[in-house]
Each structure stands twice: as structure tokens, then as C-alpha cells.
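Peer 1: If it helps, the file is called structure04.txt and holds compact mmCIF, C-alpha atoms and all ligand atoms:
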# COMPACT_ATOMS: atom_id res chain seq x y z
CA MET A 1 -6.44 2.92 -8.72
CA LEU A 2 -5.00 6.31 -7.94
CA LYS A 3 -1.77 7.53 -9.46
CA ASP A 4 0.21 10.54 -8.24
CA PHE A 5 0.58 9.29 -4.68
CA TRP A 6 3.35 7.89 -2.52
CA TYR A 7 2.91 4.14 -2.24
CA ALA A 8 4.69 1.96 0.31
CA LEU A 9 5.89 -0.79 -2.03
CA ASP A 10 7.79 -3.02 0.35
CA PHE A 11 9.21 -3.41 3.83
CA SER A 12 12.65 -1.83 4.26
CA HIS A 13 14.19 -5.10 5.43
CA ALA A 14 13.17 -6.85 2.19
CA VAL A 15 15.10 -4.48 -0.08
CA THR A 16 18.78 -5.27 -0.51
CA ARG A 17 21.47 -5.19 -3.18
CA LYS A 18 19.61 -7.99 -4.94
CA PRO A 19 17.11 -6.46 -7.42
CA ARG A 20 13.59 -7.12 -6.21
CA LYS A 21 10.40 -7.09 -8.22
CA VAL A 22 7.34 -5.49 -6.65
CA THR A 23 3.92 -4.88 -8.12
CA CYS A 24 1.55 -1.98 -7.58
CA LEU A 25 -1.21 -0.39 -9.67
CA GLY A 26 -1.03 -3.45 -11.91
CA GLN A 27 2.57 -2.61 -12.89
CA ASP A 28 5.90 -4.13 -12.06
CA PHE A 29 8.77 -2.17 -10.55
CA VAL A 30 12.27 -3.10 -9.54
CA LEU A 31 13.71 -1.94 -6.22
CA TYR A 32 17.35 -2.17 -5.19
CA ARG A 33 19.71 -0.56 -2.73
CA LYS A 34 22.47 1.63 -4.07
CA ARG A 35 25.94 1.50 -2.57
CA ASP A 36 25.10 4.45 -0.29
CA GLY A 37 22.15 2.51 1.17
CA SER A 38 19.43 4.57 -0.50
CA VAL A 39 16.91 2.80 -2.72
CA ALA A 40 16.22 3.08 -6.46
CA CYS A 41 12.81 2.33 -7.98
CA LEU A 42 12.54 1.81 -11.74
CA SER A 43 9.86 0.51 -14.05
CA ASP A 44 10.59 -3.20 -14.45
CA LEU A 45 9.99 -3.02 -18.19
CA CYS A 46 13.15 -2.66 -20.27
CA VAL A 47 12.40 -0.31 -23.15
CA HIS A 48 14.34 -2.47 -25.62
CA ARG A 49 12.27 -5.67 -25.69
CA GLY A 50 10.42 -5.60 -22.40
CA GLY A 51 12.84 -7.73 -20.38
CA ALA A 52 12.32 -7.69 -16.60
CA LEU A 53 15.12 -5.64 -15.05
CA SER A 54 14.42 -7.35 -11.72
CA MET A 55 15.95 -10.50 -13.23
CA GLY A 56 19.08 -8.56 -14.08
CA THR A 57 22.22 -7.82 -12.14
CA LEU A 58 23.69 -4.77 -10.46
CA VAL A 59 26.95 -3.27 -11.62
CA ASP A 60 27.68 -0.76 -8.88
CA ASP A 61 24.52 1.37 -8.89
CA VAL A 62 23.56 0.51 -12.45
CA ILE A 63 21.16 -2.33 -13.28
CA ALA A 64 21.78 -4.52 -16.34
CA CYS A 65 18.84 -6.07 -18.20
CA PRO A 66 19.07 -9.88 -18.30
CA TYR A 67 18.17 -10.03 -22.02
CA HIS A 68 20.70 -7.92 -23.99
CA GLY A 69 22.51 -6.30 -21.11
CA TRP A 70 21.40 -2.69 -21.51
CA GLN A 71 22.43 -0.86 -18.38
CA TYR A 72 20.26 1.69 -16.60
CA ALA A 73 21.36 4.21 -13.98
CA PRO A 74 19.16 4.81 -10.89
CA ASP A 75 17.63 7.85 -12.64
CA GLY A 76 16.39 5.54 -15.40
CA ALA A 77 18.79 6.69 -18.13
CA CYS A 78 20.37 3.94 -20.21
CA VAL A 79 24.13 4.33 -19.87
CA LYS A 80 25.35 1.35 -21.88
CA ILE A 81 24.12 -0.70 -24.84
CA PRO A 82 26.59 -3.58 -25.13
CA ALA A 83 25.59 -4.51 -28.74
CA ASN A 84 26.53 -1.05 -30.00
CA PRO A 85 30.08 -0.71 -31.34
CA GLU A 86 32.36 1.61 -29.35
CA GLY A 87 31.54 5.28 -29.87
CA ARG A 88 27.95 4.86 -31.01
CA GLY A 89 25.64 7.14 -29.03
CA ILE A 90 22.78 6.09 -26.79
CA PRO A 91 19.35 7.31 -27.96
CA ARG A 92 17.78 9.91 -25.69
CA LYS A 93 14.62 7.84 -25.48
CA ALA A 94 16.57 4.90 -24.09
CA ARG A 95 15.45 5.26 -20.51
CA VAL A 96 12.99 3.64 -18.15
CA ASP A 97 10.77 5.55 -15.79
CA ALA A 98 12.42 6.09 -12.41
CA TYR A 99 10.37 7.11 -9.39
CA PRO A 100 11.23 9.29 -6.40
CA VAL A 101 11.86 7.09 -3.34
CA ARG A 102 11.73 7.67 0.40
CA GLU A 103 12.35 5.30 3.22
CA SER A 104 10.29 5.80 6.35
CA TYR A 105 8.28 3.83 8.93
CA GLY A 106 10.12 0.65 7.98
CA MET A 107 8.81 0.89 4.43
CA ILE A 108 10.13 1.84 1.00
CA TRP A 109 7.85 4.46 -0.55
CA ALA A 110 7.84 5.39 -4.23
CA PHE A 111 5.99 8.29 -5.77
CA LEU A 112 4.02 6.71 -8.61
CA GLY A 113 3.25 9.65 -10.81
CA ASP A 114 4.74 12.65 -12.49
CA LEU A 115 3.72 15.53 -10.23
CA PRO A 116 6.51 17.93 -9.30
CA GLU A 117 7.63 17.72 -5.69
CA GLU A 118 5.66 20.68 -4.37
CA GLU A 119 2.36 19.31 -5.70
CA ARG A 120 2.71 15.79 -4.32
CA PRO A 121 0.33 14.65 -1.59
CA PRO A 122 2.24 13.88 1.61
CA ILE A 123 3.25 10.56 3.13
CA PRO A 124 1.09 10.29 6.27
CA HIS A 125 2.68 10.67 9.68
CA PHE A 126 2.89 7.54 11.83
CA PRO A 127 4.23 8.84 15.18
CA GLU A 128 4.47 5.40 16.83
CA HIS A 129 7.37 4.43 14.59
CA ASP A 130 9.75 6.83 16.28
CA ASP A 131 8.38 6.26 19.76
CA PRO A 132 10.67 3.78 21.53
CA SER A 133 7.84 2.54 23.74
CA PHE A 134 6.27 0.91 20.67
CA ARG A 135 7.49 -2.25 18.99
CA PRO A 136 6.63 -3.02 15.36
CA VAL A 137 5.87 -6.32 13.65
CA TYR A 138 5.57 -6.76 9.89
CA PHE A 139 3.16 -9.04 8.13
CA GLU A 140 1.60 -9.44 4.68
CA MET A 141 -1.21 -11.38 3.08
CA GLU A 142 -2.52 -11.61 -0.46
CA ILE A 143 -6.27 -11.29 -0.89
CA ASN A 144 -8.18 -12.06 -4.08
CA ALA A 145 -10.25 -8.92 -4.03
CA ASN A 146 -9.97 -5.37 -5.27
CA TYR A 147 -7.91 -3.14 -2.98
CA GLU A 148 -10.78 -0.75 -2.28
CA ARG A 149 -12.83 -3.60 -0.86
CA THR A 150 -9.99 -4.65 1.46
CA PHE A 151 -9.36 -0.97 2.30
CA GLU A 152 -12.95 -0.22 3.27
CA ASN A 153 -13.18 -3.42 5.28
CA VAL A 154 -10.69 -2.18 7.84
CA VAL A 155 -12.42 1.13 8.62
CA ASP A 156 -15.77 -0.63 8.80
CA ALA A 157 -16.55 -0.98 12.52
CA ALA A 158 -19.92 -2.68 12.05
CA HIS A 159 -18.53 -5.93 10.62
CA THR A 160 -16.37 -6.61 13.67
CA PRO A 161 -18.93 -8.49 15.83
CA PHE A 162 -19.89 -10.70 12.88
CA VAL A 163 -16.63 -11.45 11.09
CA HIS A 164 -14.38 -11.20 14.15
CA GLY A 165 -16.72 -12.59 16.78
CA THR A 166 -14.05 -15.08 17.84
CA ALA A 167 -11.24 -12.49 17.89
CA PHE A 168 -11.92 -8.91 19.02
CA GLY A 169 -15.55 -8.49 17.97
CA ASN A 170 -18.42 -9.04 20.39
CA PRO A 171 -21.48 -10.68 18.80
CA ASP A 172 -23.58 -9.68 21.82
CA LYS A 173 -22.90 -5.98 21.29
CA PRO A 174 -23.24 -5.21 17.57
CA GLU A 175 -24.46 -1.58 17.91
CA VAL A 176 -22.08 1.09 16.67
CA PRO A 177 -22.72 4.34 18.57
CA ASP A 178 -22.82 7.43 16.34
CA PHE A 179 -19.41 8.95 15.77
CA GLU A 180 -18.01 12.06 14.20
CA VAL A 181 -15.71 11.92 11.17
CA ARG A 182 -12.76 14.31 11.20
CA GLN A 183 -11.62 14.81 7.64
CA GLY A 184 -8.66 16.48 5.97
CA LYS A 185 -7.67 16.71 2.35
CA TRP A 186 -5.94 13.31 2.29
CA HIS A 187 -7.35 11.44 5.27
CA ALA A 188 -10.32 10.93 7.57
CA GLU A 189 -10.61 9.44 11.03
CA ALA A 190 -13.16 8.71 13.71
CA ASP A 191 -13.16 7.58 17.34
CA ILE A 192 -15.59 4.74 17.72
CA LEU A 193 -16.76 3.10 20.95
CA LEU A 194 -16.68 -0.66 20.70
CA SER A 195 -17.50 -3.34 23.22
CA PRO A 196 -14.72 -5.90 23.31
CA PRO A 197 -15.32 -9.57 24.08
CA PRO A 198 -13.51 -11.22 27.01
CA ALA A 199 -9.75 -11.47 26.45
CA LYS A 200 -8.21 -14.76 25.43
CA GLY A 201 -4.78 -16.34 25.36
CA ARG A 202 -1.63 -14.54 26.34
CA TRP A 203 -3.40 -11.18 26.79
CA LYS A 204 -5.84 -12.52 29.35
CA ARG A 205 -3.51 -12.07 32.29
CA LEU A 206 -2.95 -8.41 31.31
CA TYR A 207 -6.52 -7.51 32.16
CA LYS A 208 -7.40 -6.44 35.68
CA ASP A 209 -10.98 -5.44 34.95
CA LYS A 210 -12.46 -6.00 31.56
CA PRO A 211 -13.65 -2.61 30.26
CA GLU A 212 -17.19 -2.28 29.03
CA GLN A 213 -16.09 -0.24 26.06
CA VAL A 214 -12.86 0.71 24.37
CA VAL A 215 -12.16 3.65 22.06
CA VAL A 216 -10.99 2.54 18.65
CA THR A 217 -9.70 5.09 16.17
CA ASN A 218 -10.31 4.05 12.58
CA ALA A 219 -8.73 6.13 9.85
CA TRP A 220 -7.91 6.10 6.17
CA TYR A 221 -5.14 7.90 4.38
CA LEU A 222 -5.12 8.26 0.61
CA PRO A 223 -4.38 6.42 -1.52
CA ASN A 224 -4.54 2.98 0.16
CA ILE A 225 -3.68 3.06 3.87
CA VAL A 226 -5.98 2.32 6.77
CA LYS A 227 -5.24 2.64 10.46
CA LEU A 228 -6.82 0.82 13.35
CA HIS A 229 -5.88 2.09 16.79
CA VAL A 230 -7.26 0.00 19.64
CA ARG A 231 -6.85 1.35 23.17
CA LEU A 232 -6.79 -1.69 25.40
CA PRO A 233 -6.72 -1.28 29.18
CA PHE A 234 -3.10 -2.44 29.23
CA GLY A 235 -1.81 -0.59 26.22
CA ASP A 236 -2.21 0.49 22.63
CA LEU A 237 -2.33 -1.62 19.53
CA LEU A 238 -2.08 0.01 16.12
CA LEU A 239 -2.28 -1.52 12.69
CA TYR A 240 -1.33 0.35 9.56
CA ASP A 241 -2.47 -1.58 6.50
CA HIS A 242 -1.17 -0.77 3.06
CA ASN A 243 -3.60 -2.19 0.52
CA VAL A 244 -1.28 -2.57 -2.46
CA PRO A 245 -3.24 -3.08 -5.69
CA LEU A 246 -1.49 -5.92 -7.53
CA SER A 247 -4.16 -6.04 -10.21
CA ARG A 248 -7.83 -5.27 -10.50
CA ASP A 249 -8.72 -8.34 -8.44
CA ARG A 250 -5.70 -8.98 -6.23
CA THR A 251 -4.39 -7.02 -3.28
CA LEU A 252 -1.27 -7.47 -1.21
CA VAL A 253 -2.05 -6.18 2.26
CA LYS A 254 1.17 -5.11 3.93
CA ILE A 255 0.75 -4.49 7.62
CA VAL A 256 2.89 -2.77 10.19
CA GLY A 257 1.55 -3.47 13.68
CA TYR A 258 2.71 -1.48 16.73
CA ARG A 259 2.13 -2.33 20.37
CA ASN A 260 3.37 -0.74 23.58
CA PHE A 261 2.73 -3.76 25.82
CA LEU A 262 4.52 -7.10 25.82
CA THR A 263 7.23 -5.34 23.86
CA ARG A 264 9.87 -8.04 24.06
CA LYS A 265 10.84 -9.99 21.00
CA TRP A 266 9.35 -13.23 22.29
CA ALA A 267 5.84 -11.75 21.98
CA ASP A 268 6.25 -10.84 18.28
CA GLY A 269 5.12 -14.22 17.02
CA ASN A 270 1.94 -14.02 19.06
CA ALA A 271 1.22 -10.49 17.79
CA VAL A 272 1.68 -11.61 14.18
CA LYS A 273 -0.59 -14.62 14.76
CA ARG A 274 -3.36 -12.38 16.06
CA ILE A 275 -3.08 -10.14 13.01
CA GLU A 276 -3.07 -13.14 10.69
CA LYS A 277 -6.16 -14.57 12.38
CA ILE A 278 -8.08 -11.33 11.83
CA PHE A 279 -7.14 -11.14 8.15
CA LEU A 280 -7.97 -14.79 7.57
CA GLN A 281 -11.44 -13.99 8.93
CA ASP A 282 -11.81 -11.00 6.59
CA LYS A 283 -10.43 -12.74 3.50
CA PRO A 284 -13.38 -14.97 2.47
CA VAL A 285 -15.92 -12.23 3.17
CA VAL A 286 -14.10 -9.58 1.18
CA GLU A 287 -13.41 -12.03 -1.65
CA SER A 288 -17.15 -12.77 -1.88
CA GLN A 289 -18.25 -9.14 -2.28
CA ARG A 290 -20.01 -8.20 -5.50
CA PRO A 291 -19.56 -6.15 -7.51
CA GLU A 292 -15.83 -6.78 -7.23
CA LEU A 293 -15.10 -3.11 -7.80
CA LEU A 294 -16.30 -0.38 -5.49
CA PRO A 295 -19.22 1.38 -7.16
CA TYR A 296 -18.61 4.86 -8.48
CA ASP A 297 -22.06 6.18 -7.61
CA LEU A 298 -22.79 6.43 -3.92
CA SER A 299 -26.39 5.39 -4.52
CA ASP A 300 -25.32 2.00 -5.93
CA GLU A 301 -24.95 0.63 -2.41
CA LEU A 302 -26.92 1.41 0.71
CA HIS A 303 -25.17 3.31 3.49
CA ILE A 304 -26.08 3.84 7.12
CA ARG A 305 -24.60 6.11 9.81
CA SER A 306 -21.95 3.58 10.82
CA ASP A 307 -20.61 3.63 7.23
CA SER A 308 -19.65 7.32 7.43
CA LEU A 309 -15.90 6.74 7.04
CA GLN A 310 -16.43 4.72 3.88
CA VAL A 311 -18.85 7.31 2.53
CA ALA A 312 -16.26 10.03 3.18
CA TYR A 313 -13.74 7.93 1.21
CA ARG A 314 -16.09 7.39 -1.72
CA ARG A 315 -16.88 11.09 -1.94
CA ARG A 316 -13.20 12.10 -1.89
CA ARG A 317 -12.26 9.39 -4.37
CA ARG A 318 -14.95 10.61 -6.71
CA GLU A 319 -13.47 14.12 -6.64
CA LEU A 320 -10.06 12.70 -7.52
CA ILE A 321 -11.49 10.52 -10.31
CA GLU A 322 -13.16 13.60 -11.75
CA ALA A 323 -9.85 15.45 -11.49
CA GLY A 324 -8.12 12.73 -13.57
CA TRP A 325 -6.17 10.88 -10.87
CA TRP A 326 -7.62 7.47 -11.70
CA ILE A 327 -5.99 4.82 -13.85
CA GLY A 328 -7.73 1.90 -15.52
CA ASP A 329 -9.85 -0.86 -14.15
CA HIS A 330 -8.94 -3.24 -16.98
CA GLU A 331 -8.97 -6.87 -16.09
CA HIS A 332 -5.67 -7.51 -17.83
CA PRO A 333 -3.84 -4.20 -17.88
CA ALA A 334 -1.78 -3.68 -21.00
CA ALA A 335 1.94 -3.24 -20.57
CA THR A 336 1.73 0.41 -19.66
CA VAL A 337 4.02 2.48 -17.54
CA ILE A 338 3.15 5.05 -14.88
CA PRO A 339 4.66 8.33 -16.10
CA SER A 340 7.51 9.50 -13.87
CA PRO A 341 8.54 13.13 -13.22
CA VAL A 342 11.23 13.18 -15.95
CA ARG A 343 8.57 12.98 -18.65
CA ARG A 344 7.60 16.56 -17.90
CA GLU A 345 11.15 17.70 -18.52
CA VAL A 346 11.94 15.74 -21.68
CA PRO A 347 9.20 16.37 -24.28
CA GLU A 348 10.02 13.35 -26.45
CA LEU A 349 9.43 11.08 -23.49
CA ALA A 350 5.96 12.45 -22.79
CA HIS A 351 4.17 9.59 -24.55
CA ALA A 352 6.95 7.02 -24.82
CA TRP A 353 6.47 3.41 -23.77
CA GLN A 354 2.72 3.65 -23.22
CA HIS A 355 2.21 0.30 -24.88
CA LYS A 356 -1.20 -0.27 -26.39
CA GLU A 357 -3.25 -3.31 -25.64
CA ARG A 358 -3.29 -5.74 -28.56
CA LYS A 359 -6.74 -5.98 -30.08
S1 LIG A 401 15.20 -6.44 -23.49
FE1 LIG A 401 16.44 -5.42 -22.11
S2 LIG A 401 18.28 -5.21 -23.14
FE2 LIG A 401 17.00 -6.13 -24.61
FE FE A 402 -12.09 -7.07 9.48
Output the structure of this file as C-alpha cells.
Ligand code: FES
Ligand SMILES: [Fe+2]
Peer 2:
Amino acid sequence: MLKDFWYALDFSHAVTRKPRKVTCLGQDFVLYRKRDGSVACLSDLCVHRGGALSMGTLVDDVIACPYHGWQYAPDGACVKIPANPEGRGIPRKARVDAYPVRESYGMIWAFLGDLPEEERPPIPHFPEHDDPSFRPVYFEMEINANYERTFENVVDAAHTPFVHGTAFGNPDKPEVPDFEVRQGKWHAEADILLSPPPAKGRWKRLYKDKPEQVVVTNAWYLPNIVKLHVRLPFGDLLLYDHNVPLSRDRTLVKIVGYRNFLTRKWADGNAVKRIEKIFLQDKPVVESQRPELLPYDLSDELHIRSDSLQVAYRRRRRELIEAGWWIGDHEHPAATVIPSPVRREVPELAHAWQHKERK
């Protein structure tokens, strides 16, 4: 799992004044909206006795731990310890990690790491979100597999005719023509020619002539996002999947799907059903993959030309692992905390609250 990236932790509409627990990188965080509408993201681990702040209550913009009532401001600093008699100071180390937050593309993003602003990798650009001709739907599904397996599955064009033969794959046309990978520092994409099967259901009447081939753009964006852009004869369908690592073996796939056809609300349910169907087809296959974790060495699995996007990912990931961006693959992660930016400014916090696993 990669630290020091922006992660989309939840859909915007799910985050309110009620503290909400979310999990990513095997750690729990609490999200809540402040009175001005912006969002705070704190480690969900109270530094007193490890109470879950997400079970606590908000007092204005301050969150109170449910156990002994310590109150934390949105920047993570403890501002009140109710058991202390009046006038007793609050220790400087009494603070939880707080993470920079942005809200865009209908998602709440938190920067899970301690890099200063100018060194942070960017949030990718999703132009469809601000284009009024597109309509989004939101969907999520939990998959019992490591997030890199679910991530690679989406950019993998060659599985489509086999796993999605009854949806958008065509079992009679399994060849993947050679394609070129365009790669940047934080992403890679490719235009791939696929042969769609005959349309079914509500979309059938949209077709005049069924095209022989459609251009699909598959892309990945570090750390955990994949894009699928299908150009259908009657419009564009885009899926952005956020593969949120809940733990080593569980992934919450959060999907924002955009379409610029059948853009009325009544068609949303059908769009979500199609997405769900595809992921239900992927789920058992991805959950069966062994080894559960993506190999580190490229030579541990066999690659062919149509796997170029995944190979590009594995090479880039290896560079980042070597540069120290990776955090543990432990089956049961200890109660650790992702260091937040403030740790660089306050020396005594540098190694605070990195709880050790009990032997
Ligand atoms: S555990 Fe949070 S205040 Fe004691
Ligand atoms: Fe798939």
C-alpha cells in the first residue's frame, strides 16, 4: 500500500455533521463536516486509550472522544481534557494526526502522508465531472481481495470476453490488438480496440448500427484509481474506480460512473445495475487469484503484450517501493498511524503513537 498520496476516502454526499468512520491503508479515520461545510479528517485512534473518535460527538468543529471526552480540534490538537482540574495544561503530545482534505469530483480526498504541499503527487483530473452533458452515479462494492488485484483487473482488457461475456465482452472476439501505452509520472493510459457484443436491454434501442469495434481507453492513476472510458456509438461511458485498501485482503471499490446518454434521473438505477453486474462478475475471479498479493518481481508472473498497462504499473510501483513509499503487508496491521504533515514541524511528535505489534 502506498502512503504519501491523495486518497478518495468517501463520497461527498456521505459526509455530514455526523462523524463517520472510514478505512484506508488498513487504518481507521474519522471524517466530519465543519460548520463552514469543509471536511476534517483525523486518525480515528484517540491518543489517550485508543477510543474511536468516530463514535464521539461534535461540539462545534471539535470532536469529543466517546471514552473520556478529550476534545480534538480539526487540526488534531487536543483542546480539552475534561478530567484535568481547571488550569492544568494540555500536553503538547496530546494530538491525533490530521490530514489535509480536498473535496472534488463528488469525493472527499485526504492526503495520507507527511509530504509538504509542494512535494505531493496531484489528484488526477476528471474532466467529465464539470461537464454538464455528463451525469454521475455512485456505487461501491467490497471485494475480498488485495486492492492491487482489483486495480489491475480493471485495466486488463484481455479478461473482458471471458469474465464479462454476458455483459460487454465478446467471447467470439477475444484478440486484443496491440496498443501503445502513454505514461506519465503518476499515470498511464492506452486506447484499446475492443469488439463489443450485441447490445441488450434498455441500451438496445440506442443502437442504429452495431459497430464492429469500439475504442476503449483504459488508464490507471496512482495510487489506486483506474479509469475505463468506453465510446459507444450513442455516447460515452466512463468509470472511475477507487480501489480503497481496507486491509491486506479486503478492498472497497468506490465507483463514480459518468454517462452522456440517457442522462435523466430515471436511468440512474439501470446504470448502477450494469456497473454492479460487471463487478459481481469480476469478484469471484479476483478473489480466487493466488498469490493474494501482487508479486514484487515482474518475472514471478508471465506477461504478454496485452498486459502492458499492468506491467507499466508494476514497474512504477517498484520504483516507489524502492524509494520508501510502501507501507506494510501485514495480515493484521498493528495499531499504527500514518504520519501527517505536522510531525515534520513538531519534533517530539515524529515517532509518537506508532504503536508496536504485541509479540
Ligand atoms: S480514550 Fe479517548 S479520551 Fe480516553
Ligand atoms: Fe472486469
Peer 1: Could you list, as a list in words, all residues that come within 6 Å of ligand LIG 401 (chain A)? Count all atoms listed in the file.
Peer 2: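 Residues lying within 6 Å of ligand LIG 401 (chain A): Cys46, His48, Arg49, Gly50, Gly51, Cys65, Tyr67, His68, Gly69 and Trp70 of chain A.
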Peer 1: Given all atoms listed in the file as the basis, pick out the residue of A:Tyr99, A:Phe261, A:Phe5, A:Phe162 nearest to ligand FE 402 (chain A).
Peer 2: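 Smallest distance to ligand FE 402 (chain A) is found for A:Phe162.
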Peer 1: Which protein, DNA or RNA residues have an atom within 8 Å of ligand FE 402 (chain A), counting all atoms listed in the file, as a compact mmCIF listing (two decimals) with C-alpha atoms, in the coordinates of the input?
Peer 2:
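For reference, pocket_36.txt as written:
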# COMPACT_ATOMS: atom_id res chain seq x y z
CA ASN A 153 -13.18 -3.42 5.28
CA VAL A 154 -10.69 -2.18 7.84
CA ASP A 156 -15.77 -0.63 8.80
CA HIS A 159 -18.53 -5.93 10.62
CA THR A 160 -16.37 -6.61 13.67
CA VAL A 163 -16.63 -11.45 11.09
CA HIS A 164 -14.38 -11.20 14.15
CA ILE A 278 -8.08 -11.33 11.83
CA PHE A 279 -7.14 -11.14 8.15
CA GLN A 281 -11.44 -13.99 8.93
CA ASP A 282 -11.81 -11.00 6.59
Peer 1: Taking only C-alpha atoms into account, which of A:Asp241, A:Gly235, A:Leu112, A:Ala64 comes nearest Tyr207 (chain A)?
Peer 2: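 Of all the options, A:Gly235 lies closest to Tyr207 (chain A).
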Peer 1: Compile a residue-level contact table for region 200-288 of chain A against region 182-191 of chain A at a cut-off of 8 Å, reporting for every qualifying residue the shortest atom pair and its distance in Å to one decimal, with only C-alpha atoms counted, rows ordered by chain and ascending number, as JSON lines.
Peer 2:
{"residue": "A:Val215", "atom": "CA", "partner": "A:Asp191", "partner_atom": "CA", "distance": 6.2}
{"residue": "A:Val216", "atom": "CA", "partner": "A:Asp191", "partner_atom": "CA", "distance": 5.6}
{"residue": "A:Thr217", "atom": "CA", "partner": "A:Asp191", "partner_atom": "CA", "distance": 4.4}
{"residue": "A:Asn218", "atom": "CA", "partner": "A:Ala190", "partner_atom": "CA", "distance": 5.6}
{"residue": "A:Ala219", "atom": "CA", "partner": "A:Glu189", "partner_atom": "CA", "distance": 4.0}
{"residue": "A:Trp220", "atom": "CA", "partner": "A:His187", "partner_atom": "CA", "distance": 5.4}
{"residue": "A:Tyr221", "atom": "CA", "partner": "A:His187", "partner_atom": "CA", "distance": 4.3}
{"residue": "A:Leu222", "atom": "CA", "partner": "A:Trp186", "partner_atom": "CA", "distance": 5.4}
